[in-house]
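Source file: coords-v7.txt. Holds: compact mmCIF, N, CA and C atoms.
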# COMPACT_ATOMS: atom_id res chain seq x y z
N MET A 1 -29.65 23.73 36.11
CA MET A 1 -30.15 24.08 34.80
C MET A 1 -29.07 24.78 33.97
N LYS A 2 -28.29 25.68 34.61
CA LYS A 2 -27.22 26.38 33.89
C LYS A 2 -26.17 25.40 33.38
N ALA A 3 -25.89 24.36 34.16
CA ALA A 3 -24.91 23.36 33.75
C ALA A 3 -25.40 22.61 32.51
N VAL A 4 -26.68 22.29 32.44
CA VAL A 4 -27.25 21.60 31.27
C VAL A 4 -27.18 22.51 30.05
N ALA A 5 -27.52 23.77 30.20
CA ALA A 5 -27.46 24.72 29.10
C ALA A 5 -26.03 24.88 28.61
N ALA A 6 -25.07 24.93 29.51
CA ALA A 6 -23.66 25.05 29.13
C ALA A 6 -23.21 23.82 28.37
N LEU A 7 -23.66 22.64 28.80
CA LEU A 7 -23.30 21.40 28.13
C LEU A 7 -23.84 21.39 26.71
N LEU A 8 -25.05 21.88 26.52
CA LEU A 8 -25.65 21.91 25.19
C LEU A 8 -24.91 22.86 24.26
N VAL A 9 -24.32 23.90 24.80
CA VAL A 9 -23.56 24.85 23.99
C VAL A 9 -22.22 24.23 23.59
N VAL A 10 -21.57 23.51 24.49
CA VAL A 10 -20.25 22.92 24.24
C VAL A 10 -20.36 21.64 23.44
N LEU A 11 -21.40 20.86 23.63
CA LEU A 11 -21.54 19.55 23.03
C LEU A 11 -21.40 19.52 21.51
N PRO A 12 -22.02 20.43 20.76
CA PRO A 12 -21.86 20.36 19.31
C PRO A 12 -20.41 20.42 18.86
N ALA A 13 -19.58 21.19 19.53
CA ALA A 13 -18.16 21.27 19.16
C ALA A 13 -17.46 19.96 19.42
N VAL A 14 -17.89 19.21 20.41
CA VAL A 14 -17.29 17.91 20.71
C VAL A 14 -17.75 16.87 19.70
N ILE A 15 -19.03 16.89 19.37
CA ILE A 15 -19.58 15.90 18.44
C ILE A 15 -19.16 16.19 17.01
N PHE A 16 -19.04 17.46 16.65
CA PHE A 16 -18.73 17.84 15.29
C PHE A 16 -17.40 18.59 15.21
N PRO A 17 -16.27 17.93 15.46
CA PRO A 17 -15.00 18.63 15.44
C PRO A 17 -14.62 19.14 14.06
N ALA A 18 -15.26 18.63 13.01
CA ALA A 18 -14.96 19.08 11.65
C ALA A 18 -15.29 20.56 11.46
N ALA A 19 -16.07 21.12 12.35
CA ALA A 19 -16.42 22.52 12.25
C ALA A 19 -15.25 23.42 12.66
N ALA A 20 -14.13 22.81 13.01
CA ALA A 20 -12.95 23.56 13.42
C ALA A 20 -12.42 24.37 12.24
N ARG A 21 -11.41 25.17 12.51
CA ARG A 21 -10.83 26.03 11.48
C ARG A 21 -10.33 25.24 10.28
N ALA A 22 -10.44 25.83 9.13
CA ALA A 22 -9.96 25.21 7.89
C ALA A 22 -8.45 25.05 7.93
N ASP A 23 -7.95 24.06 7.21
CA ASP A 23 -6.51 23.87 7.11
C ASP A 23 -5.96 24.97 6.20
N THR A 24 -4.65 25.21 6.31
CA THR A 24 -4.02 26.27 5.52
C THR A 24 -2.72 25.77 4.90
N SER A 25 -2.21 26.56 4.01
CA SER A 25 -0.95 26.26 3.33
C SER A 25 0.26 26.64 4.18
N ASP A 26 0.05 27.21 5.35
CA ASP A 26 1.14 27.77 6.15
C ASP A 26 2.33 26.82 6.33
N ARG A 27 2.09 25.59 6.73
CA ARG A 27 3.21 24.70 7.03
C ARG A 27 3.87 24.13 5.77
N PHE A 28 3.33 24.46 4.60
CA PHE A 28 3.85 23.98 3.33
C PHE A 28 4.43 25.11 2.48
N ALA A 29 4.52 26.30 3.04
CA ALA A 29 4.82 27.52 2.31
C ALA A 29 6.10 27.45 1.48
N MET A 30 7.12 26.77 1.99
CA MET A 30 8.42 26.76 1.31
C MET A 30 8.58 25.62 0.31
N GLY A 31 7.51 24.90 0.04
CA GLY A 31 7.59 23.81 -0.93
C GLY A 31 8.17 22.56 -0.31
N GLY A 32 8.63 21.68 -1.16
CA GLY A 32 9.17 20.40 -0.70
C GLY A 32 8.77 19.30 -1.66
N TRP A 33 8.94 18.07 -1.22
CA TRP A 33 8.67 16.91 -2.07
C TRP A 33 7.23 16.46 -1.96
N ILE A 34 6.74 15.80 -2.97
CA ILE A 34 5.33 15.39 -3.06
C ILE A 34 4.90 14.55 -1.86
N GLU A 35 5.79 13.76 -1.29
CA GLU A 35 5.43 12.92 -0.16
C GLU A 35 4.91 13.74 1.03
N LYS A 36 5.37 14.97 1.13
CA LYS A 36 4.94 15.88 2.19
C LYS A 36 3.54 16.44 1.89
N PHE A 37 3.22 16.60 0.63
CA PHE A 37 2.01 17.29 0.22
C PHE A 37 0.81 16.37 -0.01
N GLN A 38 1.06 15.21 -0.60
CA GLN A 38 -0.05 14.36 -1.00
C GLN A 38 -0.98 13.97 0.14
N PRO A 39 -0.46 13.61 1.32
CA PRO A 39 -1.39 13.30 2.42
C PRO A 39 -2.29 14.47 2.80
N ALA A 40 -1.76 15.67 2.80
CA ALA A 40 -2.57 16.85 3.14
C ALA A 40 -3.60 17.13 2.04
N ILE A 41 -3.23 16.95 0.80
CA ILE A 41 -4.17 17.13 -0.32
C ILE A 41 -5.28 16.10 -0.23
N ASP A 42 -4.90 14.84 0.00
CA ASP A 42 -5.90 13.77 0.11
C ASP A 42 -6.85 14.03 1.27
N GLN A 43 -6.31 14.47 2.41
CA GLN A 43 -7.14 14.76 3.58
C GLN A 43 -8.11 15.90 3.30
N ALA A 44 -7.62 16.95 2.68
CA ALA A 44 -8.47 18.10 2.37
C ALA A 44 -9.59 17.69 1.41
N ASN A 45 -9.27 16.89 0.40
CA ASN A 45 -10.29 16.45 -0.55
C ASN A 45 -11.28 15.49 0.09
N ALA A 46 -10.80 14.62 0.98
CA ALA A 46 -11.69 13.66 1.65
C ALA A 46 -12.66 14.37 2.60
N SER A 47 -12.16 15.37 3.30
CA SER A 47 -13.01 16.06 4.29
C SER A 47 -13.98 17.03 3.62
N GLY A 48 -13.57 17.59 2.49
CA GLY A 48 -14.40 18.60 1.83
C GLY A 48 -14.34 19.95 2.51
N GLU A 49 -13.57 20.05 3.58
CA GLU A 49 -13.46 21.32 4.29
C GLU A 49 -12.67 22.33 3.46
N LEU A 50 -12.90 23.58 3.75
CA LEU A 50 -12.21 24.66 3.08
C LEU A 50 -10.70 24.57 3.36
N PHE A 51 -9.90 24.72 2.34
CA PHE A 51 -8.44 24.77 2.48
C PHE A 51 -7.99 26.14 2.01
N ARG A 52 -7.29 26.87 2.87
CA ARG A 52 -6.88 28.26 2.60
C ARG A 52 -5.44 28.32 2.13
N ILE A 53 -5.22 28.95 0.99
CA ILE A 53 -3.87 29.29 0.56
C ILE A 53 -3.65 30.73 0.96
N ARG A 54 -2.61 30.94 1.78
CA ARG A 54 -2.36 32.28 2.27
C ARG A 54 -0.86 32.50 2.41
N GLY A 55 -0.50 33.78 2.45
CA GLY A 55 0.91 34.12 2.61
C GLY A 55 1.76 33.66 1.44
N HIS A 56 2.94 33.21 1.76
CA HIS A 56 3.92 32.74 0.79
C HIS A 56 3.62 31.28 0.47
N CYS A 57 3.54 30.92 -0.82
CA CYS A 57 3.23 29.54 -1.23
C CYS A 57 4.04 29.23 -2.47
N GLN A 58 5.12 28.47 -2.30
CA GLN A 58 6.00 28.23 -3.44
C GLN A 58 6.07 26.75 -3.81
N SER A 59 6.37 26.53 -5.08
CA SER A 59 6.68 25.20 -5.58
C SER A 59 5.51 24.25 -5.39
N ASN A 60 5.73 23.09 -4.75
CA ASN A 60 4.65 22.12 -4.57
C ASN A 60 3.50 22.65 -3.73
N CYS A 61 3.70 23.74 -3.01
CA CYS A 61 2.60 24.35 -2.27
C CYS A 61 1.47 24.73 -3.23
N THR A 62 1.82 25.06 -4.48
CA THR A 62 0.80 25.43 -5.46
C THR A 62 -0.09 24.26 -5.83
N LEU A 63 0.30 23.03 -5.47
CA LEU A 63 -0.57 21.87 -5.70
C LEU A 63 -1.90 22.01 -4.96
N PHE A 64 -1.93 22.79 -3.90
CA PHE A 64 -3.17 22.98 -3.16
C PHE A 64 -4.23 23.70 -3.99
N LEU A 65 -3.84 24.32 -5.10
CA LEU A 65 -4.83 24.91 -5.99
C LEU A 65 -5.76 23.84 -6.55
N GLY A 66 -5.33 22.58 -6.51
CA GLY A 66 -6.15 21.47 -7.00
C GLY A 66 -7.09 20.87 -5.98
N VAL A 67 -7.06 21.35 -4.74
CA VAL A 67 -7.98 20.85 -3.71
C VAL A 67 -9.39 21.28 -4.10
N ARG A 68 -10.33 20.39 -3.96
CA ARG A 68 -11.69 20.67 -4.46
C ARG A 68 -12.39 21.82 -3.76
N ASN A 69 -12.04 22.12 -2.52
CA ASN A 69 -12.65 23.24 -1.81
C ASN A 69 -11.55 24.19 -1.33
N VAL A 70 -10.82 24.73 -2.29
CA VAL A 70 -9.71 25.62 -1.98
C VAL A 70 -10.17 27.07 -2.11
N CYS A 71 -9.57 27.92 -1.31
CA CYS A 71 -9.74 29.36 -1.48
C CYS A 71 -8.36 30.00 -1.38
N VAL A 72 -8.23 31.18 -1.93
CA VAL A 72 -6.96 31.90 -1.94
C VAL A 72 -7.18 33.27 -1.32
N GLU A 73 -6.26 33.66 -0.46
CA GLU A 73 -6.33 35.01 0.10
C GLU A 73 -5.70 35.99 -0.88
N ARG A 74 -6.30 37.14 -1.02
CA ARG A 74 -5.80 38.15 -1.97
C ARG A 74 -4.35 38.52 -1.69
N SER A 75 -3.95 38.49 -0.45
CA SER A 75 -2.60 38.89 -0.07
C SER A 75 -1.56 37.78 -0.28
N ALA A 76 -1.99 36.60 -0.70
CA ALA A 76 -1.05 35.49 -0.92
C ALA A 76 -0.14 35.78 -2.12
N THR A 77 1.01 35.13 -2.12
CA THR A 77 1.92 35.15 -3.26
C THR A 77 2.25 33.71 -3.59
N LEU A 78 1.95 33.29 -4.81
CA LEU A 78 2.23 31.92 -5.24
C LEU A 78 3.41 31.95 -6.21
N LEU A 79 4.37 31.06 -5.98
CA LEU A 79 5.58 31.01 -6.80
C LEU A 79 5.65 29.67 -7.52
N PHE A 80 5.81 29.75 -8.83
CA PHE A 80 5.76 28.58 -9.71
C PHE A 80 7.13 28.32 -10.32
N HIS A 81 7.45 27.06 -10.56
CA HIS A 81 8.63 26.66 -11.32
C HIS A 81 8.44 25.25 -11.82
N ALA A 82 9.28 24.81 -12.72
CA ALA A 82 9.21 23.45 -13.24
C ALA A 82 9.54 22.45 -12.15
N GLY A 83 8.95 21.27 -12.26
CA GLY A 83 9.31 20.18 -11.36
C GLY A 83 10.73 19.73 -11.69
N HIS A 84 11.42 19.20 -10.68
CA HIS A 84 12.81 18.78 -10.92
C HIS A 84 13.12 17.52 -10.15
N GLY A 85 14.25 16.93 -10.48
CA GLY A 85 14.69 15.71 -9.82
C GLY A 85 15.31 15.97 -8.47
N ARG A 86 15.86 14.89 -7.91
CA ARG A 86 16.49 14.97 -6.59
C ARG A 86 17.97 14.66 -6.71
N GLY A 87 18.69 14.96 -5.64
CA GLY A 87 20.12 14.64 -5.61
C GLY A 87 20.86 15.25 -6.78
N PRO A 88 21.59 14.42 -7.54
CA PRO A 88 22.36 14.96 -8.67
C PRO A 88 21.46 15.52 -9.78
N ASN A 89 20.18 15.16 -9.76
CA ASN A 89 19.23 15.67 -10.77
C ASN A 89 18.42 16.86 -10.28
N ARG A 90 18.88 17.45 -9.19
CA ARG A 90 18.16 18.58 -8.58
C ARG A 90 17.97 19.74 -9.56
N TYR A 91 18.88 19.90 -10.47
CA TYR A 91 18.80 21.01 -11.44
C TYR A 91 18.39 20.54 -12.82
N VAL A 92 17.72 19.38 -12.87
CA VAL A 92 17.22 18.83 -14.13
C VAL A 92 15.70 18.81 -14.06
N ILE A 93 15.06 19.45 -15.03
CA ILE A 93 13.59 19.49 -15.06
C ILE A 93 13.06 18.08 -15.24
N ASN A 94 12.05 17.74 -14.45
CA ASN A 94 11.41 16.44 -14.48
C ASN A 94 10.00 16.61 -15.06
N ALA A 95 9.77 16.01 -16.22
CA ALA A 95 8.49 16.19 -16.92
C ALA A 95 7.32 15.67 -16.09
N GLY A 96 7.49 14.55 -15.40
CA GLY A 96 6.39 14.00 -14.60
C GLY A 96 6.00 14.90 -13.45
N SER A 97 6.98 15.44 -12.74
CA SER A 97 6.70 16.36 -11.63
C SER A 97 6.05 17.64 -12.14
N THR A 98 6.54 18.12 -13.27
CA THR A 98 5.97 19.33 -13.86
C THR A 98 4.52 19.10 -14.25
N GLN A 99 4.25 17.95 -14.86
CA GLN A 99 2.88 17.63 -15.27
C GLN A 99 1.95 17.50 -14.06
N ARG A 100 2.45 16.94 -12.97
CA ARG A 100 1.64 16.82 -11.75
C ARG A 100 1.19 18.20 -11.29
N MET A 101 2.11 19.17 -11.34
CA MET A 101 1.74 20.53 -10.95
C MET A 101 0.70 21.10 -11.91
N LEU A 102 0.95 20.96 -13.20
CA LEU A 102 0.00 21.48 -14.19
C LEU A 102 -1.39 20.88 -13.99
N ASN A 103 -1.45 19.59 -13.69
CA ASN A 103 -2.73 18.91 -13.50
C ASN A 103 -3.52 19.46 -12.31
N ALA A 104 -2.83 20.07 -11.36
CA ALA A 104 -3.50 20.62 -10.17
C ALA A 104 -4.17 21.96 -10.45
N TYR A 105 -3.80 22.62 -11.54
CA TYR A 105 -4.29 23.97 -11.81
C TYR A 105 -5.53 23.91 -12.71
N ASN A 106 -6.40 24.90 -12.56
CA ASN A 106 -7.55 24.96 -13.47
C ASN A 106 -7.06 25.32 -14.88
N ALA A 107 -7.93 25.17 -15.86
CA ALA A 107 -7.54 25.33 -17.27
C ALA A 107 -6.96 26.71 -17.56
N ARG A 108 -7.56 27.76 -17.00
CA ARG A 108 -7.06 29.12 -17.28
C ARG A 108 -5.65 29.32 -16.75
N LEU A 109 -5.41 28.89 -15.52
CA LEU A 109 -4.08 29.04 -14.94
C LEU A 109 -3.08 28.16 -15.67
N ARG A 110 -3.48 26.95 -16.00
CA ARG A 110 -2.60 26.02 -16.73
C ARG A 110 -2.15 26.65 -18.06
N ARG A 111 -3.11 27.22 -18.80
CA ARG A 111 -2.76 27.87 -20.09
C ARG A 111 -1.78 29.02 -19.86
N TYR A 112 -2.04 29.83 -18.83
CA TYR A 112 -1.20 30.99 -18.56
C TYR A 112 0.22 30.60 -18.19
N VAL A 113 0.38 29.68 -17.24
CA VAL A 113 1.74 29.32 -16.82
C VAL A 113 2.49 28.61 -17.94
N THR A 114 1.76 27.88 -18.78
CA THR A 114 2.40 27.22 -19.93
C THR A 114 2.83 28.26 -20.96
N ALA A 115 1.92 29.15 -21.32
CA ALA A 115 2.21 30.17 -22.34
C ALA A 115 3.34 31.10 -21.92
N ASN A 116 3.50 31.32 -20.62
CA ASN A 116 4.51 32.24 -20.12
C ASN A 116 5.77 31.54 -19.61
N GLY A 117 5.86 30.25 -19.81
CA GLY A 117 7.08 29.50 -19.47
C GLY A 117 7.34 29.33 -17.98
N TYR A 118 6.32 29.52 -17.14
CA TYR A 118 6.52 29.42 -15.70
C TYR A 118 6.98 28.04 -15.26
N LEU A 119 6.54 27.00 -15.98
CA LEU A 119 6.91 25.63 -15.60
C LEU A 119 7.91 25.03 -16.59
N ALA A 120 8.61 25.90 -17.29
CA ALA A 120 9.65 25.46 -18.21
C ALA A 120 11.03 25.85 -17.70
N LYS A 121 11.09 26.39 -16.49
CA LYS A 121 12.36 26.83 -15.91
C LYS A 121 12.35 26.55 -14.41
N LEU A 122 13.52 26.50 -13.81
CA LEU A 122 13.62 26.22 -12.39
C LEU A 122 13.53 27.47 -11.52
N GLU A 123 13.70 28.64 -12.12
CA GLU A 123 13.57 29.89 -11.38
C GLU A 123 12.09 30.17 -11.09
N PHE A 124 11.85 30.83 -9.97
CA PHE A 124 10.47 31.13 -9.58
C PHE A 124 9.87 32.26 -10.41
N SER A 125 8.58 32.10 -10.70
CA SER A 125 7.75 33.15 -11.28
C SER A 125 6.56 33.29 -10.33
N SER A 126 6.22 34.51 -9.98
CA SER A 126 5.17 34.70 -8.98
C SER A 126 3.88 35.24 -9.58
N ILE A 127 2.79 34.88 -8.92
CA ILE A 127 1.47 35.41 -9.23
C ILE A 127 0.82 35.74 -7.89
N SER A 128 0.25 36.92 -7.79
CA SER A 128 -0.39 37.32 -6.54
C SER A 128 -1.70 36.57 -6.35
N GLY A 129 -2.09 36.46 -5.10
CA GLY A 129 -3.39 35.86 -4.79
C GLY A 129 -4.52 36.61 -5.47
N ALA A 130 -4.42 37.94 -5.52
CA ALA A 130 -5.46 38.74 -6.17
C ALA A 130 -5.61 38.35 -7.64
N ARG A 131 -4.50 38.14 -8.33
CA ARG A 131 -4.58 37.71 -9.75
C ARG A 131 -5.13 36.30 -9.87
N ILE A 132 -4.72 35.42 -8.94
CA ILE A 132 -5.22 34.05 -8.97
C ILE A 132 -6.75 34.05 -8.88
N ILE A 133 -7.29 34.95 -8.07
CA ILE A 133 -8.74 35.07 -7.90
C ILE A 133 -9.37 35.77 -9.10
N ASP A 134 -8.88 36.96 -9.42
CA ASP A 134 -9.52 37.81 -10.44
C ASP A 134 -9.34 37.31 -11.87
N GLU A 135 -8.17 36.82 -12.20
CA GLU A 135 -7.90 36.41 -13.59
C GLU A 135 -8.09 34.93 -13.85
N PHE A 136 -7.91 34.11 -12.81
CA PHE A 136 -7.93 32.67 -13.05
C PHE A 136 -9.11 31.97 -12.39
N GLY A 137 -9.96 32.73 -11.71
CA GLY A 137 -11.23 32.20 -11.25
C GLY A 137 -11.23 31.37 -9.98
N TYR A 138 -10.18 31.45 -9.19
CA TYR A 138 -10.18 30.73 -7.92
C TYR A 138 -11.01 31.49 -6.89
N LYS A 139 -11.57 30.75 -5.97
CA LYS A 139 -12.42 31.34 -4.93
C LYS A 139 -11.59 32.14 -3.95
N GLU A 140 -12.10 33.33 -3.60
CA GLU A 140 -11.45 34.15 -2.58
C GLU A 140 -11.85 33.64 -1.19
N CYS A 141 -10.90 33.58 -0.29
CA CYS A 141 -11.19 33.12 1.07
C CYS A 141 -12.08 34.13 1.79
N PRO A 142 -12.99 33.61 2.59
CA PRO A 142 -13.79 34.53 3.42
C PRO A 142 -12.88 35.21 4.44
N ARG A 143 -13.23 36.39 4.80
CA ARG A 143 -12.43 37.12 5.82
C ARG A 143 -12.58 36.48 7.18
N GLY A 144 -11.54 36.66 7.98
CA GLY A 144 -11.61 36.22 9.36
C GLY A 144 -11.23 34.78 9.59
N GLY A 145 -10.59 34.13 8.65
CA GLY A 145 -10.26 32.72 8.85
C GLY A 145 -8.82 32.57 9.04
Can the structure from this file be put into structure tokens for me?
Amino acid sequence: MKAVAALLVVLPAVIFPAAARADTSDRFAMGGWIEKFQPAIDQANASGELFRIRGHCQSNCTLFLGVRNVCVERSATLLFHAGHGRGPNRYVINAGSTQRMLNAYNARLRRYVTANGYLAKLEFSSISGARIIDEFGYKECPRGG
């Protein structure tokens, strides 16, 4: 009887693996090219599971703000800059890449980063997770995740 009860306790975790921990921005913290990010964004949107932005999140990592079920930890730091080209164009602002980032942000954040020139330069401008939550209306992550 104890074996059957133990099986019933373990079985839901086997049948419903989606109940596992939410994905996080951790492995994307230092930014990178869109090819690295788009599959993770698509997966997060398809699953509907909570996606946590935490810690250091720079450049294309901020695209996760566009995930439909995203939350931000108050202690996070998000760093924004204009999109740019590759190779010899690494230091040339790319309007398409910049627009992709802007499209990922909600209207309040988009207005703020535009008005303050955050995506008009290649140098980083930072916003704390607390500000992202309090001023721009993003959901705060539940504790313990």
Taking only N, CA and C atoms into account, produce a table as CSV in which each residue of range 77-101 of chain A with an atom at most 8 Å from an atom of range 42-58 of chain A appears once, together with its shortest atom pair and the distance in Å to one decimal, ordered by chain and rising number.
residue,atom,partner,partner_atom,distance
A:Thr77,N,A:Gly55,C,3.9
A:Leu78,CA,A:Cys57,C,4.3
A:Leu79,N,A:Cys57,C,4.0
A:Phe80,N,A:Gln58,CA,5.6
A:His81,N,A:Gln58,C,6.9
Just want the 7 Å neighbourhood of range 83-98 of chain A, counted on only N, CA and C atoms, with same-chain residues fewer than 3 positions away dropped. Output as number ranges by chain. A: 101-103, 119-122
For N, CA and C atoms, I'd like the residues from the last selection saved as an mmCIF file, in the frame of the given file.
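The new file out.cif reads:
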data_model
loop_
_atom_site.group_PDB
_atom_site.id
_atom_site.type_symbol
_atom_site.label_atom_id
_atom_site.label_comp_id
_atom_site.auth_asym_id
_atom_site.auth_seq_id
_atom_site.Cartn_x
_atom_site.Cartn_y
_atom_site.Cartn_z
ATOM 1 N N MET A 101 2.110 19.170 -11.340
ATOM 2 C CA MET A 101 1.740 20.530 -10.950
ATOM 3 C C MET A 101 0.700 21.100 -11.910
ATOM 4 N N LEU A 102 0.950 20.960 -13.200
ATOM 5 C CA LEU A 102 0.000 21.480 -14.190
ATOM 6 C C LEU A 102 -1.390 20.880 -13.990
ATOM 7 N N ASN A 103 -1.450 19.590 -13.690
ATOM 8 C CA ASN A 103 -2.730 18.910 -13.500
ATOM 9 C C ASN A 103 -3.520 19.460 -12.310
ATOM 10 N N LEU A 119 6.540 27.000 -15.980
ATOM 11 C CA LEU A 119 6.910 25.630 -15.600
ATOM 12 C C LEU A 119 7.910 25.030 -16.590
ATOM 13 N N ALA A 120 8.610 25.900 -17.290
ATOM 14 C CA ALA A 120 9.650 25.460 -18.210
ATOM 15 C C ALA A 120 11.030 25.850 -17.700
ATOM 16 N N LYS A 121 11.090 26.390 -16.490
ATOM 17 C CA LYS A 121 12.360 26.830 -15.910
ATOM 18 C C LYS A 121 12.350 26.550 -14.410
ATOM 19 N N LEU A 122 13.520 26.500 -13.810
ATOM 20 C CA LEU A 122 13.620 26.220 -12.390
ATOM 21 C C LEU A 122 13.530 27.470 -11.520
#
So that I can check the secondary structure, give me every residue of range 33-130 of chain A assigned alpha helix (DSSP H) by backbone DSSP, as a PyMOL selection string. chain A and resi 34-47+95-104+107-115+129-130
One number please: atom C of Leu109 in chain A to atom N of Val72 in chain A, in Å, one decimal.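 We find that atom C of Leu109 in chain A and atom N of Val72 in chain A lie 15.0 Å from each other.
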Give me, please, the distance in Å between CA of Asn69 in chain A and CA of Ala115 in chain A, quoted to one decimal. 26.3 Å
Atomic separation - atom C of Gly144 in chain A relative to atom N of Ala107 in chain A, Å: 27.4 Å
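For the choices A:Arg111, A:Arg100, A:Lys36, A:Arg74, the atom-to-atom distance to Ile132 in chain A is smallest for A:Arg74 when using only N, CA and C atoms.
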Mind giving me the axis-aligned box for range 138-142 of chain A with 5 Å on every side, centre plus edges in Å to one decimal, as JSON?
{"center_x": -12.0, "center_y": 33.0, "center_z": -2.4, "size_x": 13.6, "size_y": 14.5, "size_z": 23.6}
Return range 131-138 of chain A, completed with all heavy atoms, as a PDB file, keeping the file's coordinate frame.
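Below you can see selection36.pdb, which holds the result:
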ATOM      1  N   ARG A 131      -4.500  38.140  -8.330  1.00  0.00           N
ATOM      2  CA  ARG A 131      -4.580  37.710  -9.750  1.00  0.00           C
ATOM      3  C   ARG A 131      -5.130  36.300  -9.870  1.00  0.00           C
ATOM      4  O   ARG A 131      -5.884  36.005 -10.797  1.00  0.00           O
ATOM      5  CB  ARG A 131      -3.202  37.778 -10.409  1.00  0.00           C
ATOM      6  CG  ARG A 131      -2.793  39.171 -10.792  1.00  0.00           C
ATOM      7  CD  ARG A 131      -1.530  39.176 -11.620  1.00  0.00           C
ATOM      8  NE  ARG A 131      -1.775  38.639 -12.949  1.00  0.00           N
ATOM      9  CZ  ARG A 131      -0.827  38.196 -13.767  1.00  0.00           C
ATOM     10  NH1 ARG A 131       0.439  38.194 -13.392  1.00  0.00           N
ATOM     11  NH2 ARG A 131      -1.120  37.741 -14.959  1.00  0.00           N
ATOM     12  N   ILE A 132      -4.720  35.420  -8.940  1.00  0.00           N
ATOM     13  CA  ILE A 132      -5.220  34.050  -8.970  1.00  0.00           C
ATOM     14  C   ILE A 132      -6.750  34.050  -8.880  1.00  0.00           C
ATOM     15  O   ILE A 132      -7.437  33.277  -9.556  1.00  0.00           O
ATOM     16  CB  ILE A 132      -4.591  33.213  -7.826  1.00  0.00           C
ATOM     17  CG1 ILE A 132      -3.090  32.986  -8.076  1.00  0.00           C
ATOM     18  CG2 ILE A 132      -5.323  31.901  -7.610  1.00  0.00           C
ATOM     19  CD1 ILE A 132      -2.741  32.005  -9.176  1.00  0.00           C
ATOM     20  N   ILE A 133      -7.290  34.950  -8.070  1.00  0.00           N
ATOM     21  CA  ILE A 133      -8.740  35.070  -7.900  1.00  0.00           C
ATOM     22  C   ILE A 133      -9.370  35.770  -9.100  1.00  0.00           C
ATOM     23  O   ILE A 133     -10.288  35.239  -9.736  1.00  0.00           O
ATOM     24  CB  ILE A 133      -9.049  35.858  -6.601  1.00  0.00           C
ATOM     25  CG1 ILE A 133      -8.567  35.076  -5.384  1.00  0.00           C
ATOM     26  CG2 ILE A 133     -10.536  36.201  -6.515  1.00  0.00           C
ATOM     27  CD1 ILE A 133      -8.409  35.922  -4.124  1.00  0.00           C
ATOM     28  N   ASP A 134      -8.880  36.960  -9.420  1.00  0.00           N
ATOM     29  CA  ASP A 134      -9.520  37.810 -10.440  1.00  0.00           C
ATOM     30  C   ASP A 134      -9.340  37.310 -11.870  1.00  0.00           C
ATOM     31  O   ASP A 134     -10.273  37.379 -12.662  1.00  0.00           O
ATOM     32  CB  ASP A 134      -8.992  39.240 -10.344  1.00  0.00           C
ATOM     33  CG  ASP A 134      -9.332  39.915  -9.031  1.00  0.00           C
ATOM     34  OD1 ASP A 134     -10.287  39.474  -8.352  1.00  0.00           O
ATOM     35  OD2 ASP A 134      -8.625  40.878  -8.664  1.00  0.00           O
ATOM     36  N   GLU A 135      -8.170  36.820 -12.200  1.00  0.00           N
ATOM     37  CA  GLU A 135      -7.900  36.410 -13.590  1.00  0.00           C
ATOM     38  C   GLU A 135      -8.090  34.930 -13.850  1.00  0.00           C
ATOM     39  O   GLU A 135      -8.394  34.538 -14.979  1.00  0.00           O
ATOM     40  CB  GLU A 135      -6.475  36.805 -13.988  1.00  0.00           C
ATOM     41  CG  GLU A 135      -6.272  38.304 -14.060  1.00  0.00           C
ATOM     42  CD  GLU A 135      -4.861  38.677 -14.483  1.00  0.00           C
ATOM     43  OE1 GLU A 135      -4.258  37.948 -15.305  1.00  0.00           O
ATOM     44  OE2 GLU A 135      -4.368  39.694 -13.973  1.00  0.00           O
ATOM     45  N   PHE A 136      -7.910  34.110 -12.810  1.00  0.00           N
ATOM     46  CA  PHE A 136      -7.930  32.670 -13.050  1.00  0.00           C
ATOM     47  C   PHE A 136      -9.110  31.970 -12.390  1.00  0.00           C
ATOM     48  O   PHE A 136      -9.249  30.758 -12.497  1.00  0.00           O
ATOM     49  CB  PHE A 136      -6.593  32.060 -12.625  1.00  0.00           C
ATOM     50  CG  PHE A 136      -5.439  32.705 -13.336  1.00  0.00           C
ATOM     51  CD1 PHE A 136      -4.565  33.531 -12.649  1.00  0.00           C
ATOM     52  CD2 PHE A 136      -5.257  32.555 -14.698  1.00  0.00           C
ATOM     53  CE1 PHE A 136      -3.515  34.161 -13.305  1.00  0.00           C
ATOM     54  CE2 PHE A 136      -4.220  33.183 -15.368  1.00  0.00           C
ATOM     55  CZ  PHE A 136      -3.347  33.986 -14.670  1.00  0.00           C
ATOM     56  N   GLY A 137      -9.960  32.730 -11.710  1.00  0.00           N
ATOM     57  CA  GLY A 137     -11.230  32.200 -11.250  1.00  0.00           C
ATOM     58  C   GLY A 137     -11.230  31.370  -9.980  1.00  0.00           C
ATOM     59  O   GLY A 137     -12.201  30.670  -9.700  1.00  0.00           O
ATOM     60  N   TYR A 138     -10.180  31.450  -9.190  1.00  0.00           N
ATOM     61  CA  TYR A 138     -10.180  30.730  -7.920  1.00  0.00           C
ATOM     62  C   TYR A 138     -11.010  31.490  -6.890  1.00  0.00           C
ATOM     63  O   TYR A 138     -11.136  32.715  -6.957  1.00  0.00           O
ATOM     64  CB  TYR A 138      -8.751  30.518  -7.415  1.00  0.00           C
ATOM     65  CG  TYR A 138      -8.038  29.431  -8.193  1.00  0.00           C
ATOM     66  CD1 TYR A 138      -7.319  29.728  -9.348  1.00  0.00           C
ATOM     67  CD2 TYR A 138      -8.123  28.101  -7.787  1.00  0.00           C
ATOM     68  CE1 TYR A 138      -6.698  28.735 -10.081  1.00  0.00           C
ATOM     69  CE2 TYR A 138      -7.493  27.099  -8.525  1.00  0.00           C
ATOM     70  CZ  TYR A 138      -6.779  27.419  -9.660  1.00  0.00           C
ATOM     71  OH  TYR A 138      -6.164  26.424 -10.390  1.00  0.00           O
TER      72      TYR A 138
END
